[in-house]
Amino acid sequence: MVENIVRLSIAAGIFAVMVTWEAFSPRRSQQINRKRRWPVNLGLAFSNMVVMRFTIGSLAFLSAEWAAEKGYGLLNLGALPNVMTMIATLLILDFAIYCQHIVMHKWPLMWRLHKVHHADLEFDATTAVRFHPLEIVLSMIYKVICIVIIGANPMAVIAFEIILNGAATFNHSNVNIPQKIDRMLRWIMVTPDMHRIHHSAEPIETDSNYGFSLSWWDRLCGTYIAEPKQPQTTLTIGLNAFRKQEDVGFVQCLLIPFKINANRSVR
Ligand SMILES: [Zn+2]
């Protein structure tokens, strides 16, 4: 589908820009060689692409088109102007993803899956695509349910996916942004310094800053932390339960959710 090619091309372009930026102006010096981490993160990303390609990868847009055709969903009830349904779709879906992220942390069964993302021992643009395939499939099912309930605008759904992907690549990247600019950006969007706190090994910080695109939901819902306890440049990244790279390799990551003690208490 053309939509998929456009989406993937933009995602690859943003990824290339952020990786280049990281190389020229990094925020932190990384202790673990990229050669050890990147195959894991990119391997998971590739697996997810394959899984989605053969399962429900295009379902977000298709379900929005289906709901529009049938007149299902809140935004399809009245004859609202296109621009309004687009803005509403973008805002509601962004808030829905924020809520989903909280559930991934608070529901022990979901945390089993989401901890794969948090077990990365460094934080850079490749962390943004490091997810267990089951989390990606469940996320798509949740997104489709939200899309049908709200009667999302189909074009806005494509825009949302592009924005979410771009925002995640940006806010996971190890780039140095002057503090003044970071503070200004943070009034609207999630910056790398803000999201890095979410990847801190300190549990209170892991359970904060859940937003991906807009920073408003964390501020409004009281889950915002402006600064970590440790300085950003020496902040311990990852989970206390996984401190060795050998424990978070590709195969281990696929198996982490199925370990007997893979519940929330083992952090
Ligand atoms: Zn998280």
# chains A, B, ... in the order shown; residues from 1 in each chain; ligands from 1
>>> residues_around(residues="Phe46 (chain A)", least_positions_apart="5", cutoff="10 Å", atoms="only C-alpha atoms", output="list of chain:residue names")
A:Pro39, A:Val40, A:Asn41, A:Val51, A:Met52, A:Val129, A:Arg130, A:Pro133
>>> closest_atom_pairs(of="chain A", to="ligand 1", cutoff="7 Å", atoms="only C-alpha atoms and all ligand atoms", output="CSV")
residue,atom,partner,partner_atom_place_in_ligand_line,distance
A:His101,CA,ligand 1,1 (Zn),6.1
A:His105,CA,ligand 1,1 (Zn),6.3
A:His114,CA,ligand 1,1 (Zn),6.6
A:His118,CA,ligand 1,1 (Zn),6.4
A:His198,CA,ligand 1,1 (Zn),6.5
A:Thr206,CA,ligand 1,1 (Zn),6.9
A:Tyr210,CA,ligand 1,1 (Zn),6.4
>>> closest_atom_pairs(of="region 106-148 of chain A", to="region 63-73 of chain A", cutoff="10 Å", atoms="only C-alpha atoms", output="Markdown table")
| residue | atom | partner | partner_atom | distance |
| --- | --- | --- | --- | --- |
| A:Lys143 | CA | A:Ser63 | CA | 9.7 |
| A:Val144 | CA | A:Ser63 | CA | 6.4 |
| A:Ile145 | CA | A:Ser63 | CA | 8.7 |
| A:Cys146 | CA | A:Gly73 | CA | 9.2 |
| A:Ile147 | CA | A:Ala64 | CA | 6.0 |
| A:Val148 | CA | A:Gly73 | CA | 5.6 |
>>> write_last_selection(atoms="all heavy atoms", output="mmCIF file, in the first residue's frame")
data_model
loop_
_atom_site.group_PDB
_atom_site.id
_atom_site.type_symbol
_atom_site.label_atom_id
_atom_site.label_comp_id
_atom_site.auth_asym_id
_atom_site.auth_seq_id
_atom_site.Cartn_x
_atom_site.Cartn_y
_atom_site.Cartn_z
ATOM 1 N N LYS A 143 -5.411 0.259 19.499
ATOM 2 C CA LYS A 143 -5.555 1.447 18.647
ATOM 3 C C LYS A 143 -6.806 1.327 17.766
ATOM 4 O O LYS A 143 -7.556 2.285 17.603
ATOM 5 C CB LYS A 143 -4.306 1.590 17.772
ATOM 6 C CG LYS A 143 -3.949 3.044 17.490
ATOM 7 C CD LYS A 143 -2.768 3.175 16.548
ATOM 8 C CE LYS A 143 -1.485 2.601 17.062
ATOM 9 N NZ LYS A 143 -0.430 2.547 16.055
ATOM 10 N N VAL A 144 -7.012 0.134 17.209
ATOM 11 C CA VAL A 144 -8.179 -0.086 16.339
ATOM 12 C C VAL A 144 -9.474 0.109 17.124
ATOM 13 O O VAL A 144 -10.416 0.747 16.640
ATOM 14 C CB VAL A 144 -8.121 -1.502 15.696
ATOM 15 C CG1 VAL A 144 -9.456 -1.877 15.072
ATOM 16 C CG2 VAL A 144 -7.007 -1.554 14.652
ATOM 17 N N ILE A 145 -9.518 -0.403 18.349
ATOM 18 C CA ILE A 145 -10.714 -0.223 19.189
ATOM 19 C C ILE A 145 -10.962 1.279 19.418
ATOM 20 O O ILE A 145 -12.081 1.772 19.260
ATOM 21 C CB ILE A 145 -10.556 -0.976 20.539
ATOM 22 C CG1 ILE A 145 -10.530 -2.496 20.287
ATOM 23 C CG2 ILE A 145 -11.668 -0.611 21.511
ATOM 24 C CD1 ILE A 145 -10.117 -3.328 21.482
ATOM 25 N N CYS A 146 -9.892 2.015 19.745
ATOM 26 C CA CYS A 146 -10.026 3.472 19.969
ATOM 27 C C CYS A 146 -10.506 4.160 18.698
ATOM 28 O O CYS A 146 -11.391 5.024 18.747
ATOM 29 C CB CYS A 146 -8.677 4.079 20.383
ATOM 30 S SG CYS A 146 -8.121 3.539 21.983
ATOM 31 N N ILE A 147 -9.929 3.783 17.561
ATOM 32 C CA ILE A 147 -10.273 4.404 16.273
ATOM 33 C C ILE A 147 -11.758 4.227 15.958
ATOM 34 O O ILE A 147 -12.445 5.168 15.560
ATOM 35 C CB ILE A 147 -9.383 3.807 15.145
ATOM 36 C CG1 ILE A 147 -7.964 4.390 15.251
ATOM 37 C CG2 ILE A 147 -9.974 4.078 13.756
ATOM 38 C CD1 ILE A 147 -6.937 3.683 14.400
ATOM 39 N N VAL A 148 -12.271 3.026 16.191
ATOM 40 C CA VAL A 148 -13.678 2.748 15.882
ATOM 41 C C VAL A 148 -14.593 3.482 16.867
ATOM 42 O O VAL A 148 -15.598 4.080 16.476
ATOM 43 C CB VAL A 148 -13.952 1.223 15.881
ATOM 44 C CG1 VAL A 148 -15.437 0.932 15.731
ATOM 45 C CG2 VAL A 148 -13.169 0.552 14.747
#
>>> residues_around(residues="Glu135 (chain A)", least_positions_apart="3", cutoff="8 Å", atoms="only C-alpha atoms", output="count of residues only")
7
>>> closest_residue(among="A:Val157, A:Phe258, A:Tyr224, A:Lys35", to="Leu134 (chain A)", atoms="only C-alpha atoms")
A:Phe258
>>> closest_residue(among="A:Leu121, A:Leu185, A:Ile92, A:Ile163", to="Ile150 (chain A)", atoms="only C-alpha atoms")
A:Ile92
>>> atom_distance(atom1="CA of Thr223 (chain A)", atom2="CA of Ser208 (chain A)")
5.0 Å
>>> residues_around(residues="Val175 (chain A)", least_positions_apart="6", cutoff="6 Å", atoms="only C-alpha atoms", output="PyMOL selection string")
chain A and resi 22+25-27
>>> closest_residue(among="A:Leu214, A:Arg183, A:Trp107, A:Ile87", to="Ala156 (chain A)", atoms="only C-alpha atoms")
A:Ile87
>>> atom_distance(atom1="CA of Arg243 (chain A)", atom2="CA of Ala16 (chain A)")
28.5 Å
>>> select_by_dssp(residues="region 39-205 of chain A", states="alpha helix (DSSP H)", output="PyMOL selection string")
chain A and resi 39-54+59-70+82-106+108-118+133-150+154-171+179-186+192-198+203-205
>>> closest_atom_pairs(of="region 1-59 of chain A", to="region 226-235 of chain A", cutoff="10 Å", atoms="only C-alpha atoms", output="Markdown table")
| residue | atom | partner | partner_atom | distance |
| --- | --- | --- | --- | --- |
| A:Arg27 | CA | A:Thr233 | CA | 6.8 |
| A:Arg28 | CA | A:Thr233 | CA | 5.2 |
| A:Ser29 | CA | A:Thr233 | CA | 7.8 |
| A:Gln30 | CA | A:Thr233 | CA | 9.8 |
>>> atom_distance(atom1="CA of Ala201 (chain A)", atom2="CA of Lys115 (chain A)")
11.4 Å
>>> select_by_dssp(residues="region 76-241 of chain A", states="strand (DSSP E or B)", output="list in words")
Val175, Met189, Ser200, Leu214, Ile237 and Leu239 of chain A
>>> closest_residue(among="A:Arg36, A:Ile102, A:Phe95, A:Phe24", to="Asp247 (chain A)", atoms="only C-alpha atoms")
A:Arg36
